[in-house]
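The file upload_1.pdb contains PDB, C-alpha atoms:
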```pdb
ATOM      1  CA  GLN A   1      27.104 -37.243 -26.238
ATOM      2  CA  PRO A   2      29.839 -35.654 -28.383
ATOM      3  CA  GLN A   3      33.325 -36.319 -27.088
ATOM      4  CA  LEU A   4      36.843 -35.425 -28.147
ATOM      5  CA  LYS A   5      39.973 -37.045 -26.815
ATOM      6  CA  GLU A   6      43.536 -35.887 -27.416
ATOM      7  CA  SER A   7      46.642 -38.037 -27.275
ATOM      8  CA  GLY A   8      50.288 -37.922 -28.296
ATOM      9  CA  GLY A   9      51.707 -35.291 -25.988
ATOM     10  CA  GLY A  10      55.018 -35.653 -24.216
ATOM     11  CA  LEU A  11      58.460 -34.234 -23.564
ATOM     12  CA  VAL A  12      60.620 -33.312 -26.545
ATOM     13  CA  GLN A  13      63.833 -31.362 -27.047
ATOM     14  CA  PRO A  14      63.864 -28.083 -28.966
ATOM     15  CA  GLY A  15      63.935 -28.786 -32.682
ATOM     16  CA  GLY A  16      62.117 -32.070 -32.220
ATOM     17  CA  SER A  17      58.722 -33.243 -33.435
ATOM     18  CA  LEU A  18      55.489 -34.560 -31.977
ATOM     19  CA  SER A  19      52.225 -35.691 -33.511
ATOM     20  CA  LEU A  20      48.987 -35.147 -31.648
ATOM     21  CA  SER A  21      45.722 -36.949 -32.319
ATOM     22  CA  CYS A  22      42.151 -35.936 -31.579
ATOM     23  CA  GLU A  23      39.575 -38.701 -31.729
ATOM     24  CA  GLY A  24      35.920 -37.750 -31.958
ATOM     25  CA  SER A  25      32.900 -39.829 -30.981
ATOM     26  CA  GLY A  26      29.168 -39.394 -30.575
ATOM     27  CA  PHE A  27      28.735 -37.043 -33.519
ATOM     28  CA  ALA A  28      29.143 -36.840 -37.302
ATOM     29  CA  PHE A  29      32.818 -35.920 -37.237
ATOM     30  CA  GLU A  30      33.137 -35.089 -40.938
ATOM     31  CA  PHE A  31      30.517 -32.315 -40.736
ATOM     32  CA  PHE A  32      32.277 -30.300 -38.037
ATOM     33  CA  ASN A  33      35.266 -27.990 -38.139
ATOM     34  CA  ILE A  34      38.125 -29.028 -35.854
ATOM     35  CA  GLY A  35      40.447 -26.613 -34.087
ATOM     36  CA  TRP A  36      43.575 -26.948 -31.970
ATOM     37  CA  PHE A  37      44.328 -24.557 -29.127
ATOM     38  CA  ARG A  38      46.998 -24.493 -26.444
ATOM     39  CA  GLN A  39      47.402 -22.982 -23.025
ATOM     40  CA  ALA A  40      50.681 -22.283 -21.286
ATOM     41  CA  PRO A  41      50.857 -21.848 -17.497
ATOM     42  CA  GLY A  42      49.570 -18.451 -16.482
ATOM     43  CA  LYS A  43      48.445 -17.563 -19.999
ATOM     44  CA  GLU A  44      45.164 -17.519 -21.867
ATOM     45  CA  ARG A  45      44.139 -20.240 -24.241
ATOM     46  CA  GLU A  46      45.694 -19.579 -27.656
ATOM     47  CA  TYR A  47      44.579 -20.595 -31.124
ATOM     48  CA  VAL A  48      46.954 -22.892 -32.998
ATOM     49  CA  ALA A  49      45.283 -24.264 -36.131
ATOM     50  CA  SER A  50      41.964 -25.343 -37.584
ATOM     51  CA  MET A  51      40.535 -27.375 -40.415
ATOM     52  CA  ALA A  52      37.112 -27.036 -41.956
ATOM     53  CA  SER A  53      34.575 -29.818 -42.380
ATOM     54  CA  VAL A  54      33.980 -31.626 -45.662
ATOM     55  CA  ARG A  55      31.423 -28.917 -46.476
ATOM     56  CA  GLY A  56      34.232 -26.367 -46.182
ATOM     57  CA  ASP A  57      36.521 -28.473 -48.384
ATOM     58  CA  GLY A  58      38.851 -29.056 -45.479
ATOM     59  CA  ALA A  59      40.331 -25.554 -45.607
ATOM     60  CA  THR A  60      43.111 -24.990 -43.094
ATOM     61  CA  ASN A  61      44.216 -22.006 -41.060
ATOM     62  CA  TYR A  62      47.201 -21.456 -38.754
ATOM     63  CA  ALA A  63      48.372 -19.038 -36.130
ATOM     64  CA  THR A  64      51.320 -16.998 -37.344
ATOM     65  CA  SER A  65      53.551 -18.437 -34.625
ATOM     66  CA  VAL A  66      53.199 -22.011 -35.929
ATOM     67  CA  LYS A  67      52.816 -21.477 -39.679
ATOM     68  CA  GLY A  68      55.367 -23.508 -41.586
ATOM     69  CA  ARG A  69      56.122 -25.733 -38.572
ATOM     70  CA  PHE A  70      52.745 -27.290 -37.712
ATOM     71  CA  THR A  71      50.355 -29.147 -40.004
ATOM     72  CA  ILE A  72      46.744 -29.967 -39.250
ATOM     73  CA  SER A  73      45.009 -32.842 -41.003
ATOM     74  CA  ARG A  74      42.036 -35.126 -40.500
ATOM     75  CA  ASP A  75      40.845 -38.604 -41.399
ATOM     76  CA  ASN A  76      37.070 -38.459 -41.356
ATOM     77  CA  TYR A  77      36.753 -42.236 -41.764
ATOM     78  CA  LYS A  78      38.716 -42.683 -38.535
ATOM     79  CA  LYS A  79      36.964 -39.677 -36.935
ATOM     80  CA  THR A  80      40.387 -38.346 -36.016
ATOM     81  CA  ALA A  81      42.203 -35.065 -36.491
ATOM     82  CA  TYR A  82      45.956 -34.660 -36.237
ATOM     83  CA  LEU A  83      48.456 -31.950 -35.463
ATOM     84  CA  GLN A  84      51.971 -32.636 -36.713
ATOM     85  CA  MET A  85      54.401 -30.342 -34.901
ATOM     86  CA  ASN A  86      57.935 -29.936 -36.227
ATOM     87  CA  ASN A  87      60.864 -27.773 -35.172
ATOM     88  CA  LEU A  88      59.360 -27.356 -31.729
ATOM     89  CA  ARG A  89      60.399 -24.460 -29.529
ATOM     90  CA  PRO A  90      60.235 -23.982 -25.749
ATOM     91  CA  GLU A  91      57.446 -21.443 -26.279
ATOM     92  CA  ASP A  92      55.303 -24.215 -27.791
ATOM     93  CA  THR A  93      55.025 -25.745 -24.323
ATOM     94  CA  GLY A  94      51.498 -26.034 -22.991
ATOM     95  CA  VAL A  95      48.376 -28.132 -22.775
ATOM     96  CA  TYR A  96      46.997 -28.755 -26.247
ATOM     97  CA  TYR A  97      43.241 -29.027 -26.746
ATOM     98  CA  CYS A  98      41.158 -29.987 -29.720
ATOM     99  CA  ALA A  99      37.629 -28.713 -30.155
ATOM    100  CA  ARG A 100      34.806 -28.787 -32.663
ATOM    101  CA  SER A 101      32.767 -25.981 -34.172
ATOM    102  CA  ASP A 102      29.712 -26.024 -36.388
ATOM    103  CA  ARG A 103      30.431 -26.202 -40.116
ATOM    104  CA  THR A 104      28.751 -22.811 -40.575
ATOM    105  CA  VAL A 105      31.531 -21.076 -38.622
ATOM    106  CA  PRO A 106      33.806 -19.521 -41.261
ATOM    107  CA  GLN A 107      37.564 -20.027 -41.148
ATOM    108  CA  ASN A 108      38.132 -16.327 -40.507
ATOM    109  CA  MET A 109      36.465 -16.879 -37.122
ATOM    110  CA  ALA A 110      38.223 -20.172 -36.386
ATOM    111  CA  ASP A 111      40.562 -18.524 -33.876
ATOM    112  CA  LEU A 112      37.731 -17.614 -31.496
ATOM    113  CA  PRO A 113      37.348 -20.138 -28.643
ATOM    114  CA  ASP A 114      33.695 -19.250 -28.079
ATOM    115  CA  LYS A 115      32.829 -20.602 -31.543
ATOM    116  CA  TYR A 116      33.658 -24.118 -30.323
ATOM    117  CA  ASP A 117      31.048 -26.065 -28.403
ATOM    118  CA  HIS A 118      32.886 -29.219 -27.331
ATOM    119  CA  TRP A 119      36.447 -29.598 -26.115
ATOM    120  CA  GLY A 120      38.768 -32.428 -25.236
ATOM    121  CA  GLN A 121      40.545 -32.654 -21.902
ATOM    122  CA  GLY A 122      43.923 -31.753 -23.351
ATOM    123  CA  THR A 123      47.345 -33.311 -23.674
ATOM    124  CA  GLN A 124      50.569 -31.863 -22.249
ATOM    125  CA  VAL A 125      53.394 -30.877 -24.582
ATOM    126  CA  THR A 126      56.694 -29.862 -23.011
ATOM    127  CA  VAL A 127      59.602 -28.609 -25.102
ATOM    128  CA  SER A 128      62.767 -28.515 -23.033
ATOM    129  CA  GLU A 129      66.402 -29.604 -23.007
TER     130      GLU A 129
END
```
Go ahead and express the file in the form of structure tokens.
Amino acid sequence: QPQLKESGGGLVQPGGSLSLSCEGSGFAFEFFNIGWFRQAPGKEREYVASMASVRGDGATNYATSVKGRFTISRDNYKKTAYLQMNNLRPEDTGVYYCARSDRTVPQNMADLPDKYDHWGQGTQVTVSE
């Protein structure tokens, strides 16, 4: 059974940094695209970033709101994806989820939640004084 598990969330002051991890199990991690989404209270789930599988040469994509501040990466040997978040803002607050999509899903569709078939349970990120 494919599973994804996030970790690394917490409370951080504005301008601070956090690094999230997403560990996969039960599937061939390297052959799936990985995406990060977030959901703030009372809002819809929002795309953050994604990284293609080895077949997609690990291409990355970012939401405009996080470009230049967040970096997605992956270590296929460790079956883990990462989201390094720098210069955090209060509006980055939310529950962060990682998810996988089939390698045939192109990066120009990586922001669509319905292209992802397995999700983690999420990790809370709070940016506040």
How far is it from CA of Gly94 (chain A) to CA of Gln39 (chain A), in Å with one decimal?
-> 5.1 Å
Write out as a count of residues only each polymer residue whose atoms come within 7 Å of region 75-87 of chain A, counting all atoms listed in the file; drop sequence neighbours fewer than 6 positions from it.
-> 14
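Atom pair CA of Ala52 (chain A) / CA of Lys115 (chain A) has a distance of 13.0 Å (rounded to one decimal).
Between CA of Thr123 (chain A) and CA of Lys67 (chain A) the separation is 20.6 Å.
Proximity to Gly58 (chain A) was assessed for A:Thr71, A:Asn33, A:Asn108, A:Gln121 counting all atoms listed in the file; the smallest distance is recorded for A:Asn33.
Comparing A:Arg38, A:Val54, A:Phe32, A:Tyr47 by their smallest distance to Val105 (chain A), the closest is A:Phe32 (using only C-alpha atoms).
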When the PyMOL selection byres ((chain A and resi 117) around 10) is applied to the file above, which residues end up in the set, as an NGL selection string?
-> :A and (2 or 99-102 or 113-116 or 118-119)
Selection result of the PyMOL selection byres ((chain A and resi 64) around 12) on this file, as a list in words = Glu46, Tyr47, Val48, Ala49, Asn61, Tyr62, Ala63, Ser65, Val66, Lys67, Gly68, Arg69, Phe70 and Asp111 of chain A
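If all atoms listed in the file are the atoms counted, then among A:Cys98, A:Gln124, A:Ser50, A:Glu91 the closest residue to Gln3 (chain A) is A:Cys98.
Of the listed residues (A:Ser73, A:Tyr96, A:Ser7, A:Thr104), A:Tyr96 comes nearest to Arg45 (chain A); the distances count all atoms listed in the file.
The residue that comes closest to Ser53 (chain A), out of A:Gln107, A:Thr93, A:Ser25, A:Gln1 and on the basis of all atoms listed in the file, is A:Gln107.
Of the residues listed (A:Ala110, A:Gly9, A:Thr126, A:Phe37), A:Ala110 shows the shortest atom-to-atom separation from Thr60 (chain A); distances use all atoms listed in the file.
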